>>> print(open('structure.txt').read())   # compact mmCIF, C-alpha atoms
# COMPACT_ATOMS: atom_id res chain seq x y z
CA MET A 24 22.34 12.27 22.57
CA SER A 25 18.90 12.88 21.14
CA SER A 26 17.07 15.76 22.77
CA ARG A 27 14.05 13.48 23.17
CA ALA A 28 15.81 10.86 25.30
CA PRO A 29 15.34 10.98 29.08
CA GLN A 30 18.37 12.91 30.34
CA ASP A 31 18.65 11.37 33.80
CA THR A 32 18.99 7.72 32.87
CA GLY A 33 22.26 7.49 30.98
CA HIS A 34 22.58 4.48 28.71
CA HIS A 35 21.74 1.91 31.39
CA ARG A 36 17.97 2.23 31.34
CA LEU A 37 16.01 -0.34 29.36
CA TRP A 38 13.43 1.27 27.08
CA SER A 39 10.17 -0.54 26.43
CA VAL A 40 9.12 -1.29 22.85
CA ASP A 41 6.22 1.17 23.19
CA GLU A 42 8.42 3.98 24.55
CA HIS A 43 10.92 3.61 21.71
CA LEU A 44 8.16 3.58 19.08
CA ALA A 45 6.51 6.65 20.63
CA ASP A 46 9.89 8.41 20.57
CA VAL A 47 10.34 7.59 16.88
CA LEU A 48 6.82 8.67 15.90
CA ALA A 49 7.09 11.91 17.87
CA ALA A 50 10.02 12.92 15.65
CA VAL A 51 8.45 12.00 12.31
CA ARG A 52 6.40 14.60 10.46
CA PRO A 53 4.29 13.76 7.39
CA LEU A 54 5.95 14.85 4.15
CA GLU A 55 4.80 18.07 2.47
CA PRO A 56 2.05 17.53 -0.13
CA ILE A 57 2.81 17.73 -3.85
CA GLU A 58 0.73 17.55 -7.04
CA LEU A 59 1.33 14.29 -8.93
CA GLN A 60 0.12 12.67 -12.13
CA LEU A 61 -2.41 9.92 -11.41
CA LEU A 62 -0.13 6.91 -11.92
CA ASP A 63 2.68 8.55 -9.94
CA ALA A 64 0.22 8.99 -7.06
CA GLN A 65 -0.44 5.26 -6.69
CA GLY A 66 0.04 4.23 -3.06
CA CYS A 67 0.06 7.85 -1.87
CA VAL A 68 -2.31 9.46 0.64
CA LEU A 69 -4.74 12.06 -0.68
CA VAL A 70 -4.54 15.40 1.16
CA GLU A 71 -7.71 17.00 -0.24
CA ASP A 72 -11.34 16.06 -0.60
CA VAL A 73 -12.05 15.42 -4.28
CA THR A 74 -15.55 16.30 -5.46
CA VAL A 75 -17.20 15.18 -8.67
CA PRO A 76 -17.18 17.92 -11.34
CA VAL A 77 -19.45 16.04 -13.77
CA ALA A 78 -22.09 13.39 -13.22
CA LEU A 79 -21.14 9.78 -14.03
CA PRO A 80 -22.30 8.65 -16.47
CA PRO A 81 -22.57 12.15 -17.96
CA PHE A 82 -25.57 11.16 -20.14
CA ASP A 83 -28.25 8.47 -20.32
CA ASN A 84 -26.62 5.56 -22.15
CA SER A 85 -27.28 2.01 -23.24
CA SER A 86 -26.17 -0.95 -21.15
CA MET A 87 -26.64 -3.35 -24.10
CA ASP A 88 -25.97 -3.69 -27.82
CA GLY A 89 -29.43 -3.47 -29.41
CA TYR A 90 -32.02 -0.99 -30.62
CA ALA A 91 -33.24 2.24 -29.06
CA VAL A 92 -37.03 2.29 -29.28
CA ARG A 93 -40.19 3.94 -28.06
CA THR A 94 -42.01 1.64 -25.59
CA ALA A 95 -45.42 2.11 -27.27
CA ASP A 96 -44.01 0.71 -30.53
CA VAL A 97 -42.96 -2.63 -28.98
CA GLN A 98 -45.90 -3.10 -26.62
CA GLY A 99 -47.26 -6.64 -27.03
CA ALA A 100 -44.47 -7.68 -29.43
CA SER A 101 -43.85 -11.44 -29.68
CA GLU A 102 -42.00 -13.88 -31.94
CA GLU A 103 -45.30 -14.68 -33.63
CA PHE A 104 -46.29 -11.04 -33.98
CA PRO A 105 -43.06 -8.98 -33.98
CA ALA A 106 -43.04 -5.20 -33.96
CA VAL A 107 -41.59 -4.08 -37.31
CA LEU A 108 -39.66 -0.80 -36.97
CA ALA A 109 -37.81 1.37 -39.49
CA VAL A 110 -34.09 1.70 -38.60
CA VAL A 111 -33.06 5.37 -38.81
CA GLY A 112 -29.33 5.09 -38.08
CA ASP A 113 -26.49 3.91 -35.84
CA VAL A 114 -25.58 5.29 -32.41
CA ALA A 115 -22.06 4.22 -31.42
CA ALA A 116 -20.22 5.02 -28.18
CA GLY A 117 -18.76 8.48 -28.66
CA SER A 118 -21.48 9.54 -31.12
CA GLY A 119 -22.04 13.27 -31.24
CA GLU A 120 -24.84 13.75 -33.81
CA LEU A 121 -27.78 11.59 -32.74
CA PRO A 122 -30.75 10.53 -34.91
CA THR A 123 -34.18 11.26 -33.45
CA VAL A 124 -36.32 8.16 -32.93
CA GLY A 125 -39.88 8.90 -34.02
CA PRO A 126 -42.99 6.71 -33.85
CA GLY A 127 -42.47 3.38 -35.63
CA GLN A 128 -38.73 3.91 -35.69
CA ALA A 129 -35.62 2.47 -33.99
CA ALA A 130 -31.89 3.24 -33.94
CA ARG A 131 -29.13 0.63 -33.68
CA ILE A 132 -27.29 1.41 -30.43
CA MET A 133 -24.08 0.09 -28.90
CA THR A 134 -23.19 -0.41 -25.23
CA GLY A 135 -22.16 2.91 -23.67
CA ALA A 136 -23.66 5.00 -26.48
CA PRO A 137 -25.95 7.91 -25.58
CA LEU A 138 -29.70 7.28 -25.72
CA PRO A 139 -30.96 9.21 -28.76
CA PRO A 140 -33.78 11.75 -28.45
CA GLY A 141 -37.25 10.20 -28.68
CA ALA A 142 -36.09 6.77 -27.49
CA GLU A 143 -37.37 5.51 -24.12
CA ALA A 144 -35.78 2.05 -23.83
CA VAL A 145 -33.24 -0.29 -25.38
CA VAL A 146 -34.15 -3.78 -26.62
CA PRO A 147 -31.13 -6.14 -26.72
CA VAL A 148 -30.20 -7.39 -30.18
CA GLU A 149 -31.01 -10.95 -29.02
CA TRP A 150 -34.70 -9.88 -28.73
CA THR A 151 -34.70 -8.97 -32.45
CA ASP A 152 -33.85 -10.41 -35.85
CA GLY A 153 -30.88 -8.00 -36.04
CA GLY A 154 -32.35 -6.50 -39.24
CA THR A 155 -31.78 -9.71 -41.18
CA GLY A 156 -35.42 -10.65 -41.67
CA GLY A 157 -34.67 -14.04 -40.07
CA GLY A 158 -35.03 -15.46 -36.55
CA ALA A 159 -33.50 -14.21 -33.28
CA ALA A 160 -30.09 -12.63 -33.77
CA SER A 161 -27.09 -13.70 -31.68
CA GLY A 162 -25.26 -10.43 -32.29
CA MET A 163 -24.92 -7.48 -34.59
CA THR A 164 -23.30 -7.47 -37.98
CA PRO A 165 -20.19 -5.24 -37.71
CA ALA A 166 -20.91 -1.73 -38.93
CA SER A 167 -17.85 -1.82 -41.22
CA SER A 168 -19.08 -4.85 -43.16
CA ALA A 169 -22.78 -3.99 -43.17
CA PRO A 170 -23.36 -0.24 -43.23
CA GLU A 171 -26.82 -1.02 -44.61
CA GLY A 172 -27.63 -2.58 -41.19
CA ALA A 173 -28.22 0.96 -39.98
CA ALA A 174 -31.12 1.23 -42.40
CA GLY A 175 -33.99 -1.03 -43.39
CA GLU A 176 -36.24 -2.74 -40.88
CA VAL A 177 -35.85 -4.61 -37.61
CA ARG A 178 -38.29 -7.09 -36.10
CA VAL A 179 -38.58 -6.87 -32.30
CA HIS A 180 -39.83 -10.06 -30.59
CA ARG A 181 -40.37 -8.80 -27.02
CA PRO A 182 -41.80 -5.69 -25.36
CA ALA A 183 -39.61 -3.36 -23.22
CA GLU A 184 -40.46 -1.32 -20.14
CA ALA A 185 -39.56 2.36 -20.06
CA ARG A 186 -35.85 2.88 -19.24
CA ALA A 187 -35.10 -0.83 -19.84
CA HIS A 188 -31.32 -1.33 -20.37
CA VAL A 189 -30.67 2.39 -19.93
CA ARG A 190 -28.02 3.60 -17.46
CA ALA A 191 -29.26 6.91 -16.13
CA ARG A 192 -27.13 10.03 -16.10
CA GLY A 193 -25.55 10.39 -12.63
CA SER A 194 -26.46 6.84 -11.57
CA ASP A 195 -22.80 6.24 -10.55
CA VAL A 196 -22.01 9.64 -8.98
CA GLN A 197 -23.70 13.03 -9.16
CA ALA A 198 -21.89 16.31 -9.82
CA GLY A 199 -20.90 17.81 -6.47
CA ASP A 200 -20.70 14.41 -4.70
CA LEU A 201 -17.63 13.63 -2.61
CA ALA A 202 -15.60 11.26 -4.79
CA LEU A 203 -12.71 10.59 -2.37
CA ALA A 204 -12.02 12.00 1.08
CA ALA A 205 -8.68 13.38 2.26
CA GLY A 206 -6.69 10.57 3.90
CA THR A 207 -7.64 7.98 1.26
CA VAL A 208 -4.77 5.77 0.06
CA LEU A 209 -4.87 5.72 -3.74
CA GLY A 210 -5.08 2.19 -5.11
CA PRO A 211 -6.18 1.12 -8.61
CA PRO A 212 -9.96 1.59 -8.03
CA GLN A 213 -9.43 5.09 -6.61
CA ILE A 214 -7.17 6.06 -9.52
CA ALA A 215 -9.86 4.73 -11.90
CA LEU A 216 -12.46 6.99 -10.26
CA LEU A 217 -10.16 10.04 -10.44
CA ALA A 218 -9.59 9.40 -14.16
CA ALA A 219 -13.32 8.84 -14.75
CA ILE A 220 -14.19 12.25 -13.32
CA GLY A 221 -11.48 13.90 -15.40
CA ARG A 222 -8.73 14.47 -12.83
CA GLY A 223 -5.29 14.26 -14.48
CA THR A 224 -3.34 15.17 -11.33
CA VAL A 225 -4.04 14.96 -7.63
CA ARG A 226 -2.59 16.47 -4.44
CA VAL A 227 -0.99 13.85 -2.20
CA ARG A 228 1.80 13.29 0.26
CA PRO A 229 4.60 11.64 -1.75
CA ARG A 230 5.92 8.18 -1.02
CA PRO A 231 8.83 8.52 1.43
CA ARG A 232 12.35 7.94 0.08
CA VAL A 233 14.09 5.45 2.36
CA VAL A 234 17.82 4.78 2.10
CA VAL A 235 18.94 1.43 3.53
CA LEU A 236 22.64 0.98 4.40
CA SER A 237 24.08 -2.28 5.68
CA THR A 238 27.44 -2.17 7.44
CA GLY A 239 30.13 -4.79 7.93
CA SER A 240 33.48 -5.57 6.31
CA GLU A 241 32.42 -9.25 6.22
CA LEU A 242 29.53 -8.59 3.81
CA VAL A 243 29.68 -9.58 0.13
CA GLN A 244 27.05 -8.70 -2.51
CA PRO A 245 24.96 -11.63 -3.82
CA GLY A 246 26.33 -12.89 -7.12
CA GLU A 247 29.96 -12.38 -6.08
CA ALA A 248 32.29 -15.08 -4.74
CA LEU A 249 32.59 -15.61 -0.97
CA ALA A 250 36.07 -15.44 0.52
CA ALA A 251 36.99 -16.97 3.88
CA GLY A 252 35.10 -15.35 6.76
CA THR A 253 32.61 -13.50 4.55
CA ILE A 254 28.82 -13.80 4.21
CA TYR A 255 26.28 -12.47 1.75
CA ASP A 256 24.56 -9.19 2.57
CA SER A 257 20.89 -10.14 3.02
CA ASN A 258 19.80 -7.37 5.39
CA SER A 259 19.94 -4.52 2.90
CA PHE A 260 17.81 -6.54 0.47
CA ALA A 261 15.31 -7.56 3.17
CA LEU A 262 14.91 -4.02 4.50
CA ALA A 263 14.75 -2.35 1.08
CA ALA A 264 12.03 -4.83 0.09
CA ALA A 265 10.22 -4.24 3.40
CA ALA A 266 10.41 -0.46 2.91
CA ARG A 267 8.92 -0.83 -0.56
CA ASP A 268 6.23 -3.10 0.86
CA ALA A 269 5.38 -0.43 3.43
CA GLY A 270 4.80 2.12 0.65
CA ALA A 271 8.20 3.79 0.34
CA ILE A 272 10.60 4.31 -2.54
CA ALA A 273 13.63 2.35 -1.37
CA TYR A 274 17.30 2.93 -2.23
CA ARG A 275 19.68 0.16 -1.21
CA VAL A 276 23.30 1.06 -0.53
CA GLY A 277 25.58 -2.00 -0.61
CA ALA A 278 27.58 -2.91 2.43
CA VAL A 279 29.73 -0.15 3.93
CA ALA A 280 33.01 -1.35 5.46
CA ASP A 281 33.61 -1.05 9.20
CA ASP A 282 35.17 2.42 9.11
CA ALA A 283 33.48 5.33 10.89
CA ASP A 284 34.73 8.03 8.47
CA THR A 285 33.56 6.05 5.41
CA LEU A 286 30.17 5.51 6.99
CA ARG A 287 29.80 9.18 7.93
CA SER A 288 30.65 10.35 4.42
CA THR A 289 28.32 7.72 2.88
CA ILE A 290 25.45 8.96 5.08
CA GLU A 291 26.21 12.58 4.12
CA ASP A 292 26.15 11.61 0.42
CA GLN A 293 22.81 9.85 0.83
CA LEU A 294 21.02 12.64 2.69
CA ILE A 295 20.14 14.38 -0.59
CA ARG A 296 17.72 11.57 -1.52
CA ALA A 297 16.54 10.45 1.93
CA ASP A 298 13.39 11.23 3.88
CA LEU A 299 14.45 8.44 6.26
CA LEU A 300 17.74 6.58 6.74
CA VAL A 301 17.94 2.99 7.99
CA THR A 302 21.25 1.37 8.93
CA THR A 303 21.70 -2.24 9.90
CA GLY A 304 24.57 -3.63 11.96
CA GLY A 305 27.19 -2.00 14.16
CA VAL A 306 24.92 -0.86 17.01
CA SER A 307 25.97 -3.18 19.85
CA VAL A 308 28.93 -2.98 22.22
CA GLY A 309 31.69 -4.61 20.14
CA ALA A 310 35.00 -2.97 19.19
CA TYR A 311 33.91 -2.77 15.54
CA ASP A 312 30.37 -1.47 16.04
CA VAL A 313 30.95 1.31 13.56
CA VAL A 314 27.46 2.79 13.31
CA LYS A 315 27.54 3.60 16.99
CA GLU A 316 31.05 5.04 16.68
CA ALA A 317 30.21 7.13 13.59
CA LEU A 318 26.85 8.48 14.73
CA THR A 319 27.42 9.05 18.42
CA THR A 320 29.75 11.85 17.34
CA ALA A 321 27.88 12.80 14.15
CA GLY A 322 25.63 15.24 15.96
CA THR A 323 28.47 17.12 17.68
CA GLY A 324 30.62 19.97 16.48
CA ASP A 325 34.35 20.40 17.13
CA GLY A 326 34.25 19.05 20.64
CA GLU A 327 31.74 21.75 21.55
CA GLU A 328 28.18 21.28 22.78
CA PRO A 329 26.12 18.66 20.89
CA GLN A 330 24.20 20.14 17.97
CA ALA A 331 20.45 19.68 17.61
CA GLY A 332 19.82 16.16 16.40
CA GLY A 333 22.28 13.33 16.83
CA VAL A 334 21.55 9.67 17.35
CA ASP A 335 20.82 8.06 20.69
CA PHE A 336 21.81 4.41 21.18
CA ARG A 337 19.76 2.49 23.70
CA LYS A 338 18.82 -0.96 24.90
CA LEU A 339 15.24 -2.15 24.55
CA ALA A 340 13.40 -4.66 26.69
CA MET A 341 12.79 -6.94 23.70
CA GLN A 342 14.12 -10.06 22.04
CA PRO A 343 15.36 -10.11 19.34
CA GLY A 344 16.49 -6.52 18.73
CA LYS A 345 17.75 -5.30 22.09
CA PRO A 346 20.29 -2.72 20.74
CA GLN A 347 18.66 0.15 18.80
CA GLY A 348 19.65 3.61 17.70
CA PHE A 349 17.43 6.53 16.80
CA GLY A 350 17.82 10.22 16.10
CA THR A 351 18.18 12.77 13.34
CA VAL A 352 21.15 13.62 11.12
CA GLY A 353 22.11 16.32 8.66
CA PRO A 354 20.95 19.91 8.15
CA ASP A 355 17.30 18.88 7.60
CA HIS A 356 17.24 16.66 10.70
CA THR A 357 16.51 13.56 8.62
CA PRO A 358 15.31 10.73 10.89
CA LEU A 359 17.70 7.78 11.16
CA LEU A 360 16.95 4.39 12.66
CA ALA A 361 19.96 2.20 13.43
CA LEU A 362 18.93 -1.45 13.59
CA PRO A 363 20.92 -4.45 14.81
CA GLY A 364 22.82 -6.59 12.30
CA ASN A 365 21.37 -10.02 13.02
CA PRO A 366 18.96 -10.69 10.14
CA VAL A 367 15.93 -11.61 12.23
CA SER A 368 16.62 -8.80 14.73
CA SER A 369 16.83 -6.26 11.93
CA TYR A 370 13.65 -7.49 10.25
CA VAL A 371 11.64 -7.57 13.50
CA SER A 372 12.98 -4.10 14.36
CA PHE A 373 11.94 -2.85 10.93
CA GLU A 374 8.40 -4.14 11.38
CA LEU A 375 8.05 -2.60 14.84
CA PHE A 376 9.74 0.78 14.30
CA VAL A 377 10.68 1.58 10.69
CA ARG A 378 7.43 0.55 9.03
CA PRO A 379 5.37 2.79 11.36
CA ALA A 380 7.81 5.67 10.68
CA ILE A 381 7.37 5.22 6.90
CA ARG A 382 3.58 5.13 7.27
CA ALA A 383 3.66 8.27 9.44
CA LEU A 384 5.77 10.07 6.79
CA MET A 385 3.08 9.10 4.25
CA GLY A 386 0.51 10.91 6.38
CA LEU A 387 -1.51 7.87 7.40
CA PRO A 388 -3.54 8.26 10.62
CA ALA A 389 -2.00 6.92 13.84
CA ALA A 390 -4.34 3.92 13.83
CA ARG A 391 -2.90 2.75 10.51
CA VAL A 392 0.85 3.16 11.00
CA SER A 393 1.46 -0.18 12.73
CA ARG A 394 0.25 -3.55 11.49
CA PRO A 395 -2.98 -4.62 13.19
CA SER A 396 -2.62 -7.56 15.57
CA VAL A 397 -5.00 -10.45 16.22
CA ARG A 398 -5.46 -13.02 18.99
CA ALA A 399 -4.70 -16.68 18.28
CA VAL A 400 -4.29 -19.88 20.27
CA LEU A 401 -0.80 -21.39 20.49
CA LYS A 402 -0.55 -24.75 18.75
CA ALA A 403 2.76 -26.32 19.78
CA ASP A 404 4.25 -29.59 21.07
CA ALA A 405 5.85 -27.98 24.12
CA PRO A 406 5.68 -24.74 26.11
CA LEU A 407 7.50 -21.71 24.66
CA GLY A 408 10.11 -20.13 26.91
CA SER A 409 10.65 -16.38 27.02
CA PRO A 410 13.16 -14.25 28.96
CA ALA A 411 11.79 -12.38 31.98
CA GLY A 412 11.43 -8.65 31.47
CA ARG A 413 11.68 -8.86 27.66
CA ARG A 414 8.89 -8.68 25.10
CA GLN A 415 9.68 -11.58 22.79
CA PHE A 416 8.77 -11.75 19.11
CA LEU A 417 8.78 -15.30 17.78
CA ARG A 418 8.21 -16.33 14.18
CA GLY A 419 4.90 -18.07 13.63
CA LYS A 420 2.55 -19.60 11.10
CA TYR A 421 -0.93 -18.16 11.59
CA ASP A 422 -4.08 -20.06 10.58
CA PRO A 423 -6.91 -17.48 10.49
CA GLU A 424 -9.61 -20.11 9.91
CA ALA A 425 -8.63 -22.22 12.92
CA GLY A 426 -7.59 -19.18 14.98
CA THR A 427 -4.27 -20.84 15.84
CA VAL A 428 -0.59 -19.96 15.53
CA SER A 429 2.36 -22.39 15.44
CA PRO A 430 6.04 -21.59 16.03
CA VAL A 431 8.43 -21.71 13.06
CA GLY A 432 12.10 -22.42 13.81
CA GLY A 433 13.83 -21.50 17.05
CA SER A 434 14.33 -18.16 18.75
CA GLY A 435 17.84 -17.55 17.33
CA SER A 436 18.20 -14.09 15.77
CA HIS A 437 20.23 -15.37 12.81
CA LEU A 438 17.75 -17.91 11.44
CA ILE A 439 16.75 -16.41 8.10
CA ALA A 440 15.29 -19.66 6.74
CA ALA A 441 12.70 -19.81 9.52
CA LEU A 442 11.78 -16.17 8.90
CA ALA A 443 11.18 -16.93 5.22
CA HIS A 444 8.66 -19.63 6.16
CA ALA A 445 6.87 -17.55 8.82
CA ASP A 446 3.91 -15.30 8.09
CA SER A 447 3.49 -13.67 11.48
CA LEU A 448 5.15 -12.67 14.74
CA MET A 449 3.96 -14.15 18.04
CA VAL A 450 4.22 -11.65 20.89
CA VAL A 451 5.11 -12.91 24.37
CA PRO A 452 4.66 -10.15 27.00
CA GLU A 453 7.49 -8.98 29.27
CA ASP A 454 6.06 -10.62 32.40
CA VAL A 455 5.53 -14.08 30.85
CA THR A 456 8.38 -16.62 30.89
CA SER A 457 6.51 -19.69 29.62
CA VAL A 458 3.58 -20.05 27.24
CA GLU A 459 1.67 -23.33 27.40
CA PRO A 460 0.09 -24.81 24.26
CA GLY A 461 -3.57 -23.72 24.11
CA THR A 462 -2.78 -20.25 25.49
CA GLU A 463 -4.12 -17.24 23.58
CA LEU A 464 -1.39 -14.92 22.26
CA GLU A 465 -1.14 -11.62 20.46
CA VAL A 466 -0.11 -12.27 16.83
CA ILE A 467 1.04 -9.74 14.22
CA PRO A 468 0.31 -11.07 10.71
CA LEU A 469 3.00 -9.95 8.26
CA GLY A 470 1.00 -10.35 5.05
>>> encode(input="structure.txt", output="structure tokens")
Amino acid sequence: MSSRAPQDTGHHRLWSVDEHLADVLAAVRPLEPIELQLLDAQGCVLVEDVTVPVALPPFDNSSMDGYAVRTADVQGASEEFPAVLAVVGDVAAGSGELPTVGPGQAARIMTGAPLPPGAEAVVPVEWTDGGTGGGAASGMTPASSAPEGAAGEVRVHRPAEARAHVRARGSDVQAGDLALAAGTVLGPPQIALLAAIGRGTVRVRPRPRVVVLSTGSELVQPGEALAAGTIYDSNSFALAAAARDAGAIAYRVGAVADDADTLRSTIEDQLIRADLLVTTGGVSVGAYDVVKEALTTAGTGDGEEPQAGGVDFRKLAMQPGKPQGFGTVGPDHTPLLALPGNPVSSYVSFELFVRPAIRALMGLPAARVSRPSVRAVLKADAPLGSPAGRRQFLRGKYDPEAGTVSPVGGSGSHLIAALAHADSLMVVPEDVTSVEPGTELEVIPLG
């Protein structure tokens, strides 16, 4: 029995959904931080404030392809009376040696290139003849085919204000600014910022490694032939995908036969790569409920006192998903959640208990471990029934624009097809036995 379970209740007490979740989260500690390369840190939670070592951009640079000029030289310029400037060179992005722009001079400049000394503004190439001596240019002649374009003259047809088309040094971020705060989840824009300020690695909590094991001698792997009395193993695929969706690295272990010793040895083998173990099936009260058989004794020694850890099997006041198991196994007290085998029960249980555990391992704050819920009005042809004393989770289709939710399929815990067409769970409280159409409900969007 888990040391966290109430000792005076035996196995007869019904746990509430909230009590079971609190018990799970109390046992889960965020993973220790590690230093990772930027792309390996995608989806991870930052554990340090990152400050900006260099201003972005690190120098004044051009926001256009055109000519770097002094403003006095193009004052009053027009198509009829263009300013004629001597071109003193090219400034490309990445240029080190920069020409100085003196009075009556201009430098060809490319987007992102540093503003050369002496220049005060950039005139876009479309405001000039592009050095061709003709009318307005639509673009620049490539430097490779016209090196002489960096010399000669350019006619400028419009004036430019000081700093026109110049991105100022530090206009994005200044050196010393906070780039990203600890607790930030690193997505593509955050990784872009880290790279832009020169960070090659970053300190994060790693993505949790979740091992999913389905149990049942009746289970066959997809792609193989079904024999009489067998079904395809969908749970391990659903839960591995859900673990990945929650931010974990998921390892799927194909169906383990209904044998307690085999299951125990499989779990022992998997502990080396698991921050969290999830089993599905074998947790109820049947003669072949092997997870319960294997793990009720897994935490005990040779008939002596129970060791620290162990898995507690309990009944929850919920539908679907009444039978649940939770505890820790192995020398490192790896958390293990034992979910029921019915596909919908296991998926609902994952959403309510495993996903928050994964998010807590990642180091996300308590407010972000569970999916946020919304309120929506029930749109249905008839009232929805719900068992007294149970919190029911029904599959639904949520319309955020209309603020309504409609039931999908029945309440059976084996209906995978309905689950595939649902995008949310409708929550019916424990003390409600019938929900009339038009009633407002709590809804958990699954997107």
>>> residues_around(input="structure.txt", residues="A:Leu387", least_positions_apart="4", cutoff="12 Å", atoms="only C-alpha atoms", output="JSON, numbers by chain")
{"A": [48, 51, 52, 53, 54, 66, 67, 68, 69, 70, 205, 206, 207, 208, 209, 227, 228, 229, 230, 231, 269, 270, 378, 379, 380, 381, 382, 383, 391, 392, 393]}
>>> residues_near_point(input="structure.txt", point="(26.0, -4.6, 11.8)", cutoff="7 Å", atoms="all atoms listed in the file", output="VMD selection string")
chain A and resid 237 to 239 303 to 306 312 363 to 364
>>> write_last_selection(input="structure.txt", atoms="C-alpha atoms", output="mmCIF file, in the coordinates of the input")
data_model
loop_
_atom_site.group_PDB
_atom_site.id
_atom_site.type_symbol
_atom_site.label_atom_id
_atom_site.label_comp_id
_atom_site.auth_asym_id
_atom_site.auth_seq_id
_atom_site.Cartn_x
_atom_site.Cartn_y
_atom_site.Cartn_z
ATOM 1 C CA SER A 237 24.080 -2.280 5.680
ATOM 2 C CA THR A 238 27.440 -2.170 7.440
ATOM 3 C CA GLY A 239 30.130 -4.790 7.930
ATOM 4 C CA THR A 303 21.700 -2.240 9.900
ATOM 5 C CA GLY A 304 24.570 -3.630 11.960
ATOM 6 C CA GLY A 305 27.190 -2.000 14.160
ATOM 7 C CA VAL A 306 24.920 -0.860 17.010
ATOM 8 C CA ASP A 312 30.370 -1.470 16.040
ATOM 9 C CA PRO A 363 20.920 -4.450 14.810
ATOM 10 C CA GLY A 364 22.820 -6.590 12.300
#
>>> residues_around(input="structure.txt", residues="stretch 180-190 of chain A", least_positions_apart="4", cutoff="8 Å", atoms="only C-alpha atoms", output="NGL selection string")
:A and (80 or 83-87 or 94 or 97-106 or 138 or 143-147 or 150-152 or 194)
>>> closest_residue(input="structure.txt", among="A:Val225, A:Ala340, A:Val73, A:Val177", to="A:His43", atoms="only C-alpha atoms")
A:Ala340
>>> closest_residue(input="structure.txt", among="A:Ala411, A:Val111, A:Val450, A:Ala78", to="A:Gly154", atoms="all atoms listed in the file")
A:Val111
>>> residues_near_point(input="structure.txt", point="(-39.6, -4.3, -39.0)", cutoff="10 Å", atoms="all atoms listed in the file", output="list in words")
Pro105, Ala106, Val107, Leu108, Ala109, Val110, Gly127, Gln128, Ala129, Thr151, Asp152, Gly153, Gly154, Thr155, Gly156, Gly175, Glu176, Val177, Arg178 and Val179 of chain A
>>> closest_residue(input="structure.txt", among="A:Val234, A:Leu318, A:Leu37, A:Leu407", to="A:Ala271", atoms="all atoms listed in the file")
A:Val234
>>> closest_residue(input="structure.txt", among="A:Leu360, A:Ala251, A:Ala273, A:Ile57", to="A:Gly348", atoms="only C-alpha atoms")
A:Leu360
>>> axis_aligned_box(input="structure.txt", around="stretch 445-456 of chain A", padding_each_side="5 Å", output="lines of an AutoDock Vina configuration file")
center_x = 5.9
center_y = -13.3
center_z = 20.2
size_x = 14.9
size_y = 18.6
size_z = 34.3
>>> atom_distance(input="structure.txt", atom1="atom CA of A:Pro343", atom2="atom CA of A:Pro430")
15.2 Å
>>> atom_distance(input="structure.txt", atom1="atom CA of A:Leu201", atom2="atom CA of A:Thr74")
4.4 Å
>>> atom_distance(input="structure.txt", atom1="atom CA of A:Asp454", atom2="atom CA of A:Arg413")
7.6 Å
>>> closest_residue(input="structure.txt", among="A:Thr357, A:Thr134, A:Gln65, A:Gln197", to="A:Val47", atoms="all atoms listed in the file")
A:Thr357
>>> residues_around(input="structure.txt", residues="stretch 252-258 of chain A", least_positions_apart="2", cutoff="12 Å", atoms="all atoms listed in the file", output="PyMOL selection string")
chain A and resi 235-250+260-266+275-280+301-304+362-373+437-440
>>> closest_residue(input="structure.txt", among="A:His356, A:Lys338, A:Asp404, A:Val458", to="A:Glu291", atoms="only C-alpha atoms")
A:His356
>>> residues_around(input="structure.txt", residues="A:Ser39", least_positions_apart="2", cutoff="6 Å", atoms="all atoms listed in the file", output="PyMOL selection string")
chain A and resi 41-42+339-340
>>> residues_around(input="structure.txt", residues="A:Ala297", least_positions_apart="2", cutoff="6 Å", atoms="all atoms listed in the file", output="list in words")
Arg232, Val233, Val234, Leu294, Ile295 and Leu299 of chain A
>>> decode(input="structure.txt", residues="stretch 267-273 of chain A", atoms="N, CA and C atoms", output="tab-separated table (two decimals), in the first residue's frame")
chain	number	residue	atom	x	y	z
A	267	ARG	N	3.33	11.90	-25.70
A	267	ARG	CA	4.13	12.74	-26.59
A	267	ARG	C	3.47	14.11	-26.72
A	268	ASP	N	2.15	14.10	-26.88
A	268	ASP	CA	1.39	15.34	-27.00
A	268	ASP	C	1.53	16.21	-25.75
A	269	ALA	N	1.67	15.58	-24.61
A	269	ALA	CA	1.81	16.32	-23.35
A	269	ALA	C	3.21	16.89	-23.16
A	270	GLY	N	4.16	16.47	-24.01
A	270	GLY	CA	5.52	17.00	-23.91
A	270	GLY	C	6.56	15.97	-23.52
A	271	ALA	N	6.17	14.71	-23.42
A	271	ALA	CA	7.11	13.67	-22.99
A	271	ALA	C	7.78	12.99	-24.17
A	272	ILE	N	8.83	12.25	-23.87
A	272	ILE	CA	9.41	11.28	-24.81
A	272	ILE	C	8.75	9.95	-24.44
A	273	ALA	N	8.05	9.35	-25.39
A	273	ALA	CA	7.24	8.17	-25.06
A	273	ALA	C	7.88	6.90	-25.62
